[in-house]
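S.K.: Data file coords_20.cif (mmCIF, C-alpha atoms) is appended below.
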```cif
data_target
#
loop_
_atom_site.label_atom_id
_atom_site.label_comp_id
_atom_site.auth_asym_id
_atom_site.auth_seq_id
_atom_site.Cartn_x
_atom_site.Cartn_y
_atom_site.Cartn_z
CA MET I 5 18.01 24.69 -2.23
CA LEU I 6 17.34 21.17 -3.48
CA ASP I 7 14.75 20.01 -5.96
CA LYS I 8 13.02 16.64 -5.61
CA ILE I 9 15.87 14.85 -7.35
CA GLY I 10 18.36 16.52 -5.01
CA ILE I 11 16.38 15.31 -2.00
CA ALA I 12 16.35 11.78 -3.45
CA LYS I 13 20.13 11.93 -4.04
CA ARG I 14 20.78 13.03 -0.47
CA ILE I 15 18.53 10.28 0.92
CA ALA I 16 20.38 7.72 -1.20
CA GLN I 17 23.50 8.55 0.85
CA GLU I 18 21.65 7.13 3.88
CA LEU I 19 21.37 3.66 2.33
CA LYS I 20 23.41 0.99 4.06
CA ASP I 21 24.98 -2.03 2.42
CA ASN I 22 23.05 -5.33 2.49
CA THR I 23 19.73 -3.91 3.64
CA TYR I 24 16.10 -4.18 2.61
CA VAL I 25 14.37 -0.86 2.00
CA ASN I 26 10.77 0.23 1.43
CA LEU I 27 10.30 3.40 -0.58
CA GLY I 28 7.01 5.30 -0.42
CA ILE I 29 5.21 7.07 -3.23
CA GLY I 30 6.61 10.34 -4.67
CA ILE I 31 10.13 11.60 -3.87
CA PRO I 32 11.07 8.33 -2.06
CA THR I 33 10.52 6.33 -5.28
CA LEU I 34 13.26 8.41 -6.94
CA VAL I 35 15.84 7.27 -4.37
CA ALA I 36 16.17 3.93 -6.19
CA ASN I 37 17.86 5.77 -9.10
CA TYR I 38 20.77 7.03 -6.97
CA VAL I 39 22.01 4.04 -4.95
CA PRO I 40 25.73 4.73 -4.24
CA LYS I 41 28.23 2.52 -6.05
CA GLY I 42 29.39 -0.48 -4.04
CA ILE I 43 26.20 -0.63 -1.96
CA SER I 44 23.78 -3.54 -2.29
CA VAL I 45 20.19 -2.83 -1.31
CA GLU I 46 16.95 -4.59 -2.21
CA PHE I 47 13.76 -2.62 -2.57
CA GLN I 48 10.53 -3.99 -1.18
CA SER I 49 7.20 -2.73 -2.41
CA GLU I 50 4.35 -3.55 -0.04
CA ASN I 51 1.97 -4.67 -2.77
CA GLY I 52 4.09 -7.81 -2.94
CA VAL I 53 7.55 -7.67 -4.51
CA LEU I 54 11.09 -7.80 -3.19
CA GLY I 55 13.89 -7.10 -5.65
CA MET I 56 12.11 -4.33 -7.50
CA GLY I 57 13.95 -3.11 -10.60
CA PRO I 58 13.72 0.04 -12.73
CA PHE I 59 10.71 1.11 -14.79
CA PRO I 60 10.30 -0.98 -17.94
CA PHE I 61 11.13 0.21 -21.43
CA GLU I 62 8.18 1.20 -23.56
CA GLY I 63 6.41 -1.87 -24.91
CA GLU I 64 7.66 -4.06 -22.06
CA GLU I 65 5.10 -2.99 -19.45
CA ASP I 66 3.30 -5.80 -17.65
CA ALA I 67 -0.07 -4.96 -16.09
CA ASP I 68 0.54 -7.72 -13.53
CA LEU I 69 3.80 -6.17 -12.31
CA ILE I 70 3.45 -2.86 -10.46
CA ASN I 71 4.75 -1.11 -7.36
CA ALA I 72 2.70 0.25 -4.47
CA GLY I 73 2.27 3.51 -6.40
CA LYS I 74 0.57 1.42 -9.13
CA GLN I 75 3.41 2.23 -11.55
CA THR I 76 4.63 -0.43 -13.95
CA ILE I 77 8.00 -1.81 -12.83
CA THR I 78 10.42 -4.62 -13.58
CA ALA I 79 11.83 -7.29 -11.28
CA LEU I 80 15.55 -8.01 -10.90
CA ASP I 81 17.11 -11.46 -10.89
CA GLY I 82 16.46 -12.93 -7.47
CA ALA I 83 13.19 -11.07 -7.06
CA VAL I 84 10.20 -12.68 -5.38
CA TYR I 85 6.45 -12.04 -5.31
CA PHE I 86 4.24 -12.62 -2.28
CA ASP I 87 0.78 -11.90 -0.91
CA SER I 88 -0.12 -8.83 1.15
CA ALA I 89 -0.09 -10.64 4.51
CA THR I 90 3.43 -11.95 3.87
CA SER I 91 4.48 -8.49 2.71
CA PHE I 92 3.43 -6.92 5.98
CA ALA I 93 4.95 -9.79 7.95
CA MET I 94 8.26 -8.58 6.45
CA ILE I 95 7.43 -5.03 7.56
CA ARG I 96 5.89 -5.70 10.98
CA GLY I 97 8.49 -8.35 11.73
CA LYS I 98 11.26 -5.77 11.18
CA HIS I 99 12.82 -7.66 8.27
CA VAL I 100 12.70 -4.43 6.25
CA GLN I 101 15.33 -2.16 7.82
CA LEU I 102 14.56 1.23 6.35
CA THR I 103 11.39 3.03 5.35
CA VAL I 104 11.48 6.26 3.36
CA LEU I 105 8.18 8.08 3.02
CA GLY I 106 6.62 11.45 2.40
CA ALA I 107 4.73 13.53 4.96
CA MET I 108 2.42 16.51 5.32
CA GLU I 109 3.68 17.25 8.85
CA VAL I 110 6.30 15.96 11.28
CA SER I 111 6.43 16.99 14.94
CA GLU I 112 9.46 17.40 17.18
CA ASN I 113 8.76 14.15 19.04
CA GLY I 114 8.77 12.21 15.77
CA ASP I 115 5.02 12.03 15.08
CA ILE I 116 4.06 11.97 11.42
CA ALA I 117 0.86 12.96 9.60
CA ASN I 118 0.44 12.05 5.95
CA TRP I 119 -2.93 10.46 5.21
CA LYS I 120 -5.83 12.80 5.77
CA ILE I 121 -6.95 16.43 5.77
CA PRO I 122 -10.31 16.38 7.57
CA GLY I 123 -13.19 17.49 5.36
CA LYS I 124 -10.93 17.99 2.34
CA MET I 125 -8.74 15.13 1.36
CA VAL I 126 -9.04 11.54 2.45
CA LYS I 127 -6.88 9.19 0.46
CA GLY I 128 -6.27 6.67 3.18
CA MET I 129 -3.16 5.51 4.95
CA GLY I 130 -2.33 2.61 2.64
CA GLY I 131 0.61 0.81 4.21
CA ALA I 132 2.07 3.88 5.90
CA MET I 133 0.70 3.17 9.39
CA ASP I 134 2.10 -0.37 9.37
CA LEU I 135 5.45 0.86 8.03
CA VAL I 136 5.97 3.66 10.55
CA ALA I 137 4.82 1.50 13.48
CA SER I 138 7.46 -1.12 12.84
CA ALA I 139 10.50 -0.02 10.81
CA GLU I 140 13.71 0.43 12.82
CA ASN I 141 14.71 3.44 10.78
CA ILE I 142 12.26 5.90 9.27
CA ILE I 143 13.35 8.78 7.07
CA VAL I 144 10.88 11.38 5.88
CA ALA I 145 11.42 12.96 2.46
CA MET I 146 9.49 16.16 1.90
CA MET I 147 9.54 19.86 1.12
CA HIS I 148 10.30 21.94 4.23
CA THR I 149 7.17 24.06 3.80
CA ASN I 150 3.75 23.52 2.22
CA LYS I 151 2.35 25.28 -0.85
CA LYS I 152 1.25 28.22 1.31
CA GLY I 153 4.79 28.57 2.63
CA GLU I 154 3.89 27.26 6.10
CA SER I 155 6.34 25.04 7.96
CA LYS I 156 5.70 21.29 7.87
CA ILE I 157 8.21 20.78 10.70
CA LEU I 158 6.23 21.51 13.82
CA THR I 159 6.05 21.49 17.59
CA LYS I 160 2.90 19.40 17.28
CA CYS I 161 1.10 17.97 14.24
CA SER I 162 -2.27 19.54 13.49
CA LEU I 163 -3.45 16.83 11.06
CA PRO I 164 -4.59 13.29 12.00
CA LEU I 165 -1.52 11.20 12.83
CA THR I 166 -0.13 8.27 10.87
CA GLY I 167 2.22 7.21 13.66
CA VAL I 168 3.66 8.42 16.96
CA SER I 169 7.31 8.97 17.96
CA CYS I 170 8.66 7.12 14.96
CA VAL I 171 10.46 9.48 12.54
CA LYS I 172 14.24 9.42 12.96
CA LYS I 173 15.42 11.77 10.24
CA ILE I 174 13.93 14.34 7.84
CA ILE I 175 15.51 15.33 4.55
CA THR I 176 13.98 18.38 2.90
CA ASN I 177 14.79 20.84 0.14
CA LEU I 178 16.49 22.97 2.82
CA ALA I 179 18.06 20.71 5.42
CA VAL I 180 18.83 17.37 7.03
CA LEU I 181 17.29 17.15 10.48
CA GLU I 182 17.53 14.48 13.13
CA VAL I 183 14.61 13.95 15.49
CA MET I 184 16.18 13.82 18.95
CA PRO I 185 15.08 11.11 21.43
CA GLN I 186 14.30 13.85 23.98
CA GLY I 187 12.43 15.90 21.36
CA GLY I 188 13.44 18.67 18.96
CA PHE I 189 15.05 18.75 15.54
CA LYS I 190 18.84 18.76 15.42
CA LEU I 191 20.10 20.53 12.33
CA LEU I 192 22.71 18.28 10.72
CA GLU I 193 23.22 19.79 7.28
CA ARG I 194 21.94 22.61 5.14
CA ALA I 195 21.17 22.40 1.43
CA PRO I 196 23.56 24.05 -1.03
CA GLY I 197 23.13 27.83 -0.93
CA VAL I 198 20.73 27.75 2.04
CA SER I 199 21.59 29.64 5.23
CA VAL I 200 20.91 28.56 8.79
CA GLU I 201 18.68 31.65 9.08
CA GLN I 202 16.54 30.46 6.18
CA ILE I 203 16.12 27.06 7.83
CA LYS I 204 15.26 28.71 11.15
CA SER I 205 12.53 30.82 9.60
CA ALA I 206 11.05 27.81 7.75
CA THR I 207 10.96 25.62 10.87
CA GLU I 208 8.15 26.06 13.39
CA GLY I 209 9.29 23.30 15.78
CA SER I 210 12.28 23.69 18.07
CA LEU I 211 15.53 23.57 16.17
CA LEU I 212 18.78 22.58 17.87
CA ILE I 213 21.83 24.16 16.29
CA LYS I 214 25.28 23.31 17.58
CA GLY I 215 28.44 24.69 16.04
CA PRO I 216 28.93 25.33 12.33
CA ILE I 217 26.46 23.49 10.05
CA SER I 218 28.05 21.92 7.01
CA GLU I 219 26.56 22.01 3.54
CA MET I 220 25.19 18.80 1.96
CA GLN I 221 27.45 17.14 -0.58
CA ILE I 222 25.26 16.27 -3.55
CA HIS I 223 26.83 14.83 -6.66
CA MET Y 30 -11.78 -35.36 -6.71
CA ILE Y 31 -14.01 -32.51 -5.67
CA THR Y 32 -14.60 -30.31 -8.67
CA LYS Y 33 -15.17 -26.58 -8.27
CA VAL Y 34 -15.76 -25.65 -11.89
CA VAL Y 35 -18.78 -23.59 -12.87
CA SER Y 36 -19.50 -22.84 -16.50
CA ASN Y 37 -19.62 -19.06 -16.47
CA VAL Y 38 -19.60 -15.88 -14.43
CA GLN Y 39 -23.39 -15.90 -13.97
CA LYS Y 40 -23.24 -19.35 -12.35
CA ALA Y 41 -20.23 -18.29 -10.30
CA LEU Y 42 -22.07 -15.33 -8.81
CA GLU Y 43 -25.32 -17.17 -8.03
CA GLY Y 44 -26.50 -16.26 -4.56
CA VAL Y 45 -24.70 -12.94 -4.36
CA ALA Y 46 -27.49 -10.69 -3.08
CA ASP Y 47 -28.27 -7.21 -1.79
CA ASN Y 48 -26.79 -6.22 1.62
CA MET Y 49 -24.04 -8.82 1.51
CA THR Y 50 -20.38 -8.36 2.41
CA LEU Y 51 -17.94 -9.10 -0.40
CA MET Y 52 -14.17 -9.31 -0.43
CA ILE Y 53 -12.72 -8.29 -3.77
CA GLY Y 54 -9.07 -9.12 -4.48
CA GLY Y 55 -6.58 -6.85 -6.21
CA PHE Y 56 -4.27 -3.90 -5.59
CA GLY Y 57 -5.26 -0.86 -7.59
CA LEU Y 58 -6.38 -2.35 -10.90
CA CYS Y 59 -3.79 -5.14 -10.67
CA GLY Y 60 -5.22 -8.61 -10.09
CA ILE Y 61 -8.87 -7.56 -9.81
CA PRO Y 62 -11.66 -9.97 -10.78
CA GLU Y 63 -12.79 -7.94 -13.82
CA ASN Y 64 -15.36 -10.42 -15.10
CA SER Y 65 -17.09 -10.75 -11.75
CA ILE Y 66 -17.18 -6.97 -11.25
CA ALA Y 67 -18.80 -6.57 -14.69
CA GLU Y 68 -21.38 -9.20 -13.73
CA LEU Y 69 -22.11 -7.46 -10.41
CA VAL Y 70 -22.82 -4.28 -12.40
CA ALA Y 71 -25.10 -6.27 -14.76
CA LYS Y 72 -26.90 -7.92 -11.83
CA GLY Y 73 -27.41 -4.57 -10.13
CA THR Y 74 -26.81 -6.02 -6.67
CA LYS Y 75 -27.19 -3.19 -4.13
CA ASN Y 76 -26.20 -2.07 -0.62
CA LEU Y 77 -22.99 -4.02 -0.77
CA THR Y 78 -20.24 -3.82 1.80
CA CYS Y 79 -17.00 -4.25 -0.14
CA ILE Y 80 -13.71 -5.16 1.48
CA SER Y 81 -11.00 -4.32 -1.01
CA ASN Y 82 -7.64 -2.59 -0.68
CA ASN Y 83 -8.66 0.12 -3.14
CA ALA Y 84 -11.83 1.32 -4.79
CA GLY Y 85 -10.75 1.23 -8.43
CA VAL Y 86 -10.70 4.31 -10.62
CA ASP Y 87 -13.71 6.29 -11.81
CA ASN Y 88 -14.48 4.08 -14.79
CA PHE Y 89 -12.87 0.74 -13.96
CA GLY Y 90 -12.68 -1.81 -11.19
CA LEU Y 91 -14.91 -1.12 -8.19
CA GLY Y 92 -15.37 2.40 -9.55
CA LEU Y 93 -17.97 0.84 -11.86
CA LEU Y 94 -20.02 -0.30 -8.85
CA LEU Y 95 -19.61 3.10 -7.18
CA GLN Y 96 -20.92 4.87 -10.29
CA LYS Y 97 -24.10 2.78 -10.06
CA LYS Y 98 -24.30 3.44 -6.30
CA GLN Y 99 -24.27 -0.29 -5.58
CA ILE Y 100 -21.86 0.03 -2.67
CA LYS Y 101 -23.10 1.10 0.75
CA LYS Y 102 -19.82 0.71 2.58
CA MET Y 103 -16.17 0.35 1.61
CA ILE Y 104 -13.50 -1.17 3.81
CA SER Y 105 -10.14 -0.23 2.25
CA SER Y 106 -6.67 1.12 2.98
CA TYR Y 107 -6.21 3.60 0.14
CA VAL Y 108 -8.84 5.23 -2.05
CA GLY Y 109 -6.97 8.16 -3.54
CA GLU Y 110 -7.44 7.41 -7.23
CA ASN Y 111 -11.18 7.80 -7.44
CA ASP Y 112 -12.98 11.16 -7.60
CA GLU Y 113 -16.49 9.68 -7.44
CA PHE Y 114 -15.47 7.76 -4.34
CA GLU Y 115 -14.19 10.92 -2.67
CA ARG Y 116 -17.37 12.79 -3.61
CA GLN Y 117 -19.66 10.06 -2.19
CA MET Y 118 -17.56 9.79 0.95
CA LEU Y 119 -17.36 13.53 1.69
CA SER Y 120 -21.12 13.92 1.03
CA GLY Y 121 -21.88 11.05 3.41
CA GLU Y 122 -23.56 8.82 0.79
CA LEU Y 123 -20.87 6.22 1.20
CA GLU Y 124 -19.73 4.76 4.49
CA VAL Y 125 -15.99 4.24 4.58
CA ASP Y 126 -13.78 2.34 6.97
CA LEU Y 127 -10.09 3.01 6.30
CA ILE Y 128 -7.72 0.39 7.68
CA PRO Y 129 -3.92 0.19 7.60
CA GLN Y 130 -2.98 -2.04 4.69
CA GLY Y 131 -1.08 -4.61 6.73
CA SER Y 132 -3.90 -4.82 9.26
CA LEU Y 133 -6.40 -5.26 6.42
CA ALA Y 134 -4.38 -8.14 4.95
CA GLU Y 135 -3.85 -9.79 8.33
CA ARG Y 136 -7.51 -9.38 9.30
CA CYS Y 137 -8.48 -11.28 6.14
CA ARG Y 138 -5.83 -13.92 6.76
CA ALA Y 139 -6.97 -14.26 10.39
CA GLY Y 140 -10.60 -14.58 9.27
CA GLY Y 141 -9.66 -17.46 7.02
CA ALA Y 142 -7.34 -19.04 9.56
CA GLY Y 143 -9.80 -19.17 12.47
CA ILE Y 144 -7.99 -16.54 14.53
CA PRO Y 145 -10.59 -14.10 15.92
CA ALA Y 146 -8.24 -11.19 16.62
CA PHE Y 147 -4.59 -10.17 16.95
CA TYR Y 148 -2.45 -7.33 18.30
CA THR Y 149 -0.52 -5.02 16.00
CA PRO Y 150 1.42 -1.79 16.59
CA ALA Y 151 0.00 -0.25 13.38
CA GLY Y 152 -2.39 2.59 14.12
CA PHE Y 153 -1.61 2.97 17.83
CA GLY Y 154 -1.95 6.62 18.84
CA THR Y 155 -3.95 7.46 15.70
CA GLU Y 156 -7.67 7.60 14.79
CA VAL Y 157 -7.43 3.92 13.87
CA GLY Y 158 -6.74 2.99 17.49
CA ILE Y 159 -9.74 4.82 18.96
CA GLY Y 160 -11.98 2.48 20.95
CA LYS Y 161 -9.67 -0.50 20.50
CA GLU Y 162 -8.05 -2.47 23.30
CA VAL Y 163 -4.42 -1.44 23.88
CA ARG Y 164 -1.83 -3.80 25.31
CA ASP Y 165 1.91 -3.48 25.80
CA PHE Y 166 4.24 -6.23 24.61
CA ASP Y 167 7.97 -5.78 25.27
CA GLY Y 168 7.37 -2.16 26.17
CA LYS Y 169 5.59 -1.31 22.92
CA ALA Y 170 1.89 -0.45 22.60
CA HIS Y 171 -0.28 -2.58 20.33
CA ILE Y 172 -3.97 -2.43 19.43
CA LEU Y 173 -6.37 -5.33 19.08
CA GLU Y 174 -7.69 -5.86 15.55
CA SER Y 175 -10.46 -8.35 14.76
CA ALA Y 176 -10.68 -10.84 11.91
CA LEU Y 177 -12.68 -10.17 8.76
CA THR Y 178 -14.78 -12.64 6.81
CA ALA Y 179 -17.20 -12.19 3.92
CA ASP Y 180 -20.31 -13.81 2.46
CA PHE Y 181 -18.39 -14.10 -0.80
CA ALA Y 182 -14.72 -13.56 -1.56
CA ILE Y 183 -14.09 -12.90 -5.24
CA VAL Y 184 -10.50 -13.34 -6.37
CA LYS Y 185 -8.56 -13.39 -9.61
CA ALA Y 186 -5.76 -15.85 -10.39
CA TRP Y 187 -3.53 -16.52 -13.38
CA LYS Y 188 -3.99 -20.29 -13.52
CA GLY Y 189 -6.37 -22.59 -11.74
CA ASP Y 190 -7.35 -26.23 -11.98
CA HIS Y 191 -10.68 -28.00 -11.62
CA ALA Y 192 -9.99 -28.65 -7.93
CA GLY Y 193 -9.75 -24.89 -7.31
CA ASN Y 194 -5.98 -24.79 -6.82
CA LEU Y 195 -4.65 -21.37 -7.81
CA ILE Y 196 -1.43 -19.81 -9.09
CA PHE Y 197 -1.07 -16.04 -9.23
CA LYS Y 198 1.19 -14.01 -11.47
CA ALA Y 199 3.71 -11.43 -10.21
CA THR Y 200 2.16 -8.66 -8.09
CA ALA Y 201 -1.35 -9.60 -9.22
CA LYS Y 202 -1.16 -11.93 -6.20
CA ASN Y 203 -1.51 -9.15 -3.56
CA PHE Y 204 -4.73 -9.58 -1.51
CA ASN Y 205 -6.11 -12.49 -3.53
CA PRO Y 206 -4.67 -15.40 -1.49
CA VAL Y 207 -5.70 -13.99 1.90
CA MET Y 208 -9.18 -13.07 0.72
CA ALA Y 209 -9.61 -16.51 -0.85
CA MET Y 210 -9.17 -17.91 2.66
CA ALA Y 211 -11.75 -15.64 4.26
CA GLY Y 212 -14.84 -16.07 2.09
CA LYS Y 213 -17.74 -18.26 3.25
CA ILE Y 214 -17.94 -18.90 -0.48
CA THR Y 215 -14.86 -18.07 -2.53
CA ILE Y 216 -15.16 -17.48 -6.26
CA ALA Y 217 -12.00 -17.56 -8.36
CA GLU Y 218 -11.86 -16.23 -11.89
CA VAL Y 219 -8.80 -17.37 -13.80
CA GLU Y 220 -7.08 -16.66 -17.09
CA GLU Y 221 -6.29 -20.32 -17.68
CA LEU Y 222 -8.40 -23.18 -16.34
CA VAL Y 223 -6.70 -26.57 -16.59
CA PRO Y 224 -7.55 -30.17 -15.60
CA VAL Y 225 -6.17 -31.50 -12.33
CA GLY Y 226 -2.65 -32.83 -12.60
CA GLU Y 227 -1.43 -30.06 -14.86
CA LEU Y 228 -0.36 -27.72 -12.07
CA SER Y 229 2.58 -28.93 -10.04
CA PRO Y 230 1.61 -29.28 -6.35
CA ASN Y 231 4.95 -27.61 -5.60
CA GLU Y 232 3.90 -24.43 -7.37
CA ILE Y 233 0.34 -23.90 -6.16
CA HIS Y 234 -0.14 -20.70 -4.11
CA THR Y 235 -3.73 -21.16 -2.90
CA PRO Y 236 -4.89 -24.70 -2.11
CA GLY Y 237 -8.28 -25.53 -3.65
CA ILE Y 238 -9.82 -26.19 -0.23
CA PHE Y 239 -10.26 -22.41 0.09
CA VAL Y 240 -12.08 -22.12 -3.25
CA GLN Y 241 -15.71 -23.14 -3.81
CA ARG Y 242 -16.25 -22.01 -7.41
CA ILE Y 243 -13.81 -21.50 -10.26
CA PHE Y 244 -14.36 -20.32 -13.83
CA LYS Y 245 -12.38 -19.08 -16.78
CA GLY Y 246 -12.86 -15.35 -17.26
CA GLU Y 247 -14.00 -14.39 -20.76
CA LEU Y 248 -12.04 -11.19 -21.12
CA PHE Y 249 -9.22 -9.59 -19.16
CA GLU Y 250 -8.57 -6.01 -20.13
CA LYS Y 251 -5.88 -5.62 -17.44
CA ARG Y 252 -5.90 -1.87 -17.50
CA ILE Y 253 -2.71 -0.17 -16.27
CA GLU Y 254 -3.28 2.62 -13.75
CA GLN Y 255 0.11 4.37 -13.91
CA ARG Y 256 1.94 3.37 -17.06
CA THR Y 257 5.54 4.35 -16.25
CA VAL Y 258 8.44 3.66 -18.57
CA GLN Y 259 12.08 4.66 -18.85
CA SER Y 260 13.38 6.11 -22.06
CA ILE Y 261 16.10 4.29 -23.94
CA LEU Y 262 19.24 6.34 -23.44
#
```
Write out the structure in this file as structure tokens.
M.R.:
Amino acid sequence: MLDKIGIAKRIAQELKDNTYVNLGIGIPTLVANYVPKGISVEFQSENGVLGMGPFPFEGEEDADLINAGKQTITALDGAVYFDSATSFAMIRGKHVQLTVLGAMEVSENGDIANWKIPGKMVKGMGGAMDLVASAENIIVAMMHTNKKGESKILTKCSLPLTGVSCVKKIITNLAVLEVMPQGGFKLLERAPGVSVEQIKSATEGSLLIKGPISEMQIH
Amino acid sequence: MITKVVSNVQKALEGVADNMTLMIGGFGLCGIPENSIAELVAKGTKNLTCISNNAGVDNFGLGLLLQKKQIKKMISSYVGENDEFERQMLSGELEVDLIPQGSLAERCRAGGAGIPAFYTPAGFGTEVGIGKEVRDFDGKAHILESALTADFAIVKAWKGDHAGNLIFKATAKNFNPVMAMAGKITIAEVEELVPVGELSPNEIHTPGIFVQRIFKGELFEKRIEQRTVQSIL
């Protein structure tokens, strides 16, 4: 089973050379630490920076330089700052190729819910609805089950949706799943030490299993 | 030259009254007009509709106006950092309109650019799309979103000149330029106020035509919401 860092490391293997990537808050933010050697990617943060660098050293924080999670960051050489409308022009206009974000639920047709629990928690969608409506490739990073142990990988989402038919891949603490165009989750890989049976019992939506399922290679 | 300079925050906020709609620039606590928010608290202006990406934290930013119950309605994209906000919203004291961040930015931009509405795929098939016109372009569904304007837009810039030209710093730019365009009256508070001619026309982000009043803010605390550092290995 993977921890959050393991999930981030596995997602980093999905990064393609010479692409622009938007990382959401939480586990996705960690992906930036594990970019494979020899791959050039630039990270966009929707609050208005392209070319986002690592967190600053203590004493070098700048209140005017943050990411979309409101964390202090640095900017790499070649970075650029822009206003929110320009930022979402990059996103809506498909100039950002990959979006990695967290979710509360994903359904087998690729719907995602991650912004609201009616009557309990309303944080808002932030930029997530714009991101999932437009990115060519959307990967969800999350735990396979919620705190109560219930599956977050479902036939149909029960929470208010963030976007419809948009998620392409899900990487969890247990597995890598591909959302099939005709519906259903194809099991691609299992996490180290996790059996197919364990994944089956943690997945409520329909799981497609073909042949032997290889174990993730995490370094 | 048309000068936009006013002497202080009180003069800048003259005419801001109960029941008005205000746009407030900033993302989280980054690039918020701190001096104007403090003056709104001091003025006690009530029943405000505030258009702002976030609602501050409990004791800073727009959270200060929420504490005093000066806000009737918030139009935002993300409000997760504020317990008092959540309490007022869930109890029904505060009206809240949550809008996808890109649509919020573009609605402000459109309001300032004289474009009444536009189609976007963001929010189609979700609560956000309910009651909105849907139209397919190239086989993809889009919803119609309308422009936003405000009685006053209050923005914060790094440098400004007497003509109201503005330069923003780093990610403190965020919503400020688009909101500056969409205010019937736009107020800019700046860290440095310089005579015309000192800012290079090549480097100005917001042309002064969008700004009606500009003043030098007295104090910028610039609070950091999530101070995150890496340790020296």
S.K.: Apply the PyMOL selection byres ((chain Y and resi 120-124) around 7) to the displayed file and report the matching residues as a PyMOL selection string.
M.R.: chain Y and resi 101-103+116-119+125-126
S.K.: To one decimal place, how far is atom CA of Met184 of chain I from atom CA of Leu212 of chain I in Å?
M.R.: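 Atom-to-atom, atom CA of Met184 of chain I to atom CA of Leu212 of chain I, that is 9.2 Å.
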S.K.: Show me, as a list in words, the residues of chain I whose atoms get within 6 Å of chain Y, using only C-alpha atoms for the distance check.
M.R.: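 The contacting residues on chain I are Asn51, Gly52, Phe59, Pro60, Phe61, Glu62, Ala67, Asp68, Leu69, Lys74, Gln75, Thr76, Tyr85, Asp87, Ser88, Ala89, Phe92, Lys127, Gly128, Met129, Gly130, Gly131, Met133, Asp134, Ala137 and Leu165 of chain I.
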S.K.: If the PyMOL selection byres ((chain Y and resi 63-65) around 10) were run on this exact file, what residues would it hold? Put them as a ChimeraX atom specification.
M.R.: /Y:37-39,41-42,53,55,58-62,66-71,89-91,183-185,216-219,245-252
S.K.: At what distance in Å, to one decimal, does atom CA of Asp81 of chain I lie from atom CA of Val53 of chain I?
M.R.: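 Answer for the atom CA of Val53 of chain I to atom CA of Asp81 of chain I separation: 12.1 Å.
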S.K.: Just give me the gap between atom CA of Leu95 of chain Y and atom CA of Ala209 of chain Y in Å, one decimal is fine.
M.R.: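 About the pair atom CA of Leu95 of chain Y and atom CA of Ala209 of chain Y: they are 22.9 Å apart.
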S.K.: Identify all residues satisfying the PyMOL selection byres ((chain I and resi 218) around 8) in the given file; provide them as a list in words.
M.R.: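 Checked against the file, the PyMOL selection byres ((chain I and resi 218) around 8) matches Leu192, Glu193, Arg194, Pro216, Ile217, Glu219 and Met220 of chain I.
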S.K.: With C-alpha atoms retained, could you export that selection as a PDB file, keeping the file's coordinate frame?
M.R.:
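Result saved to out39.pdb:
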```
ATOM      1  CA  LEU I 192      22.710  18.280  10.720  1.00  0.00           C
ATOM      2  CA  GLU I 193      23.220  19.790   7.280  1.00  0.00           C
ATOM      3  CA  ARG I 194      21.940  22.610   5.140  1.00  0.00           C
ATOM      4  CA  PRO I 216      28.930  25.330  12.330  1.00  0.00           C
ATOM      5  CA  ILE I 217      26.460  23.490  10.050  1.00  0.00           C
ATOM      6  CA  GLU I 219      26.560  22.010   3.540  1.00  0.00           C
ATOM      7  CA  MET I 220      25.190  18.800   1.960  1.00  0.00           C
TER       8      MET I 220
END
```
S.K.: Considering all atoms listed in the file, can you say which of I:Ala16, I:Ala72, I:Met146, I:Val100 comes closest to Gln221 of chain I?
M.R.: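 The answer is I:Ala16, which sits nearest to Gln221 of chain I.
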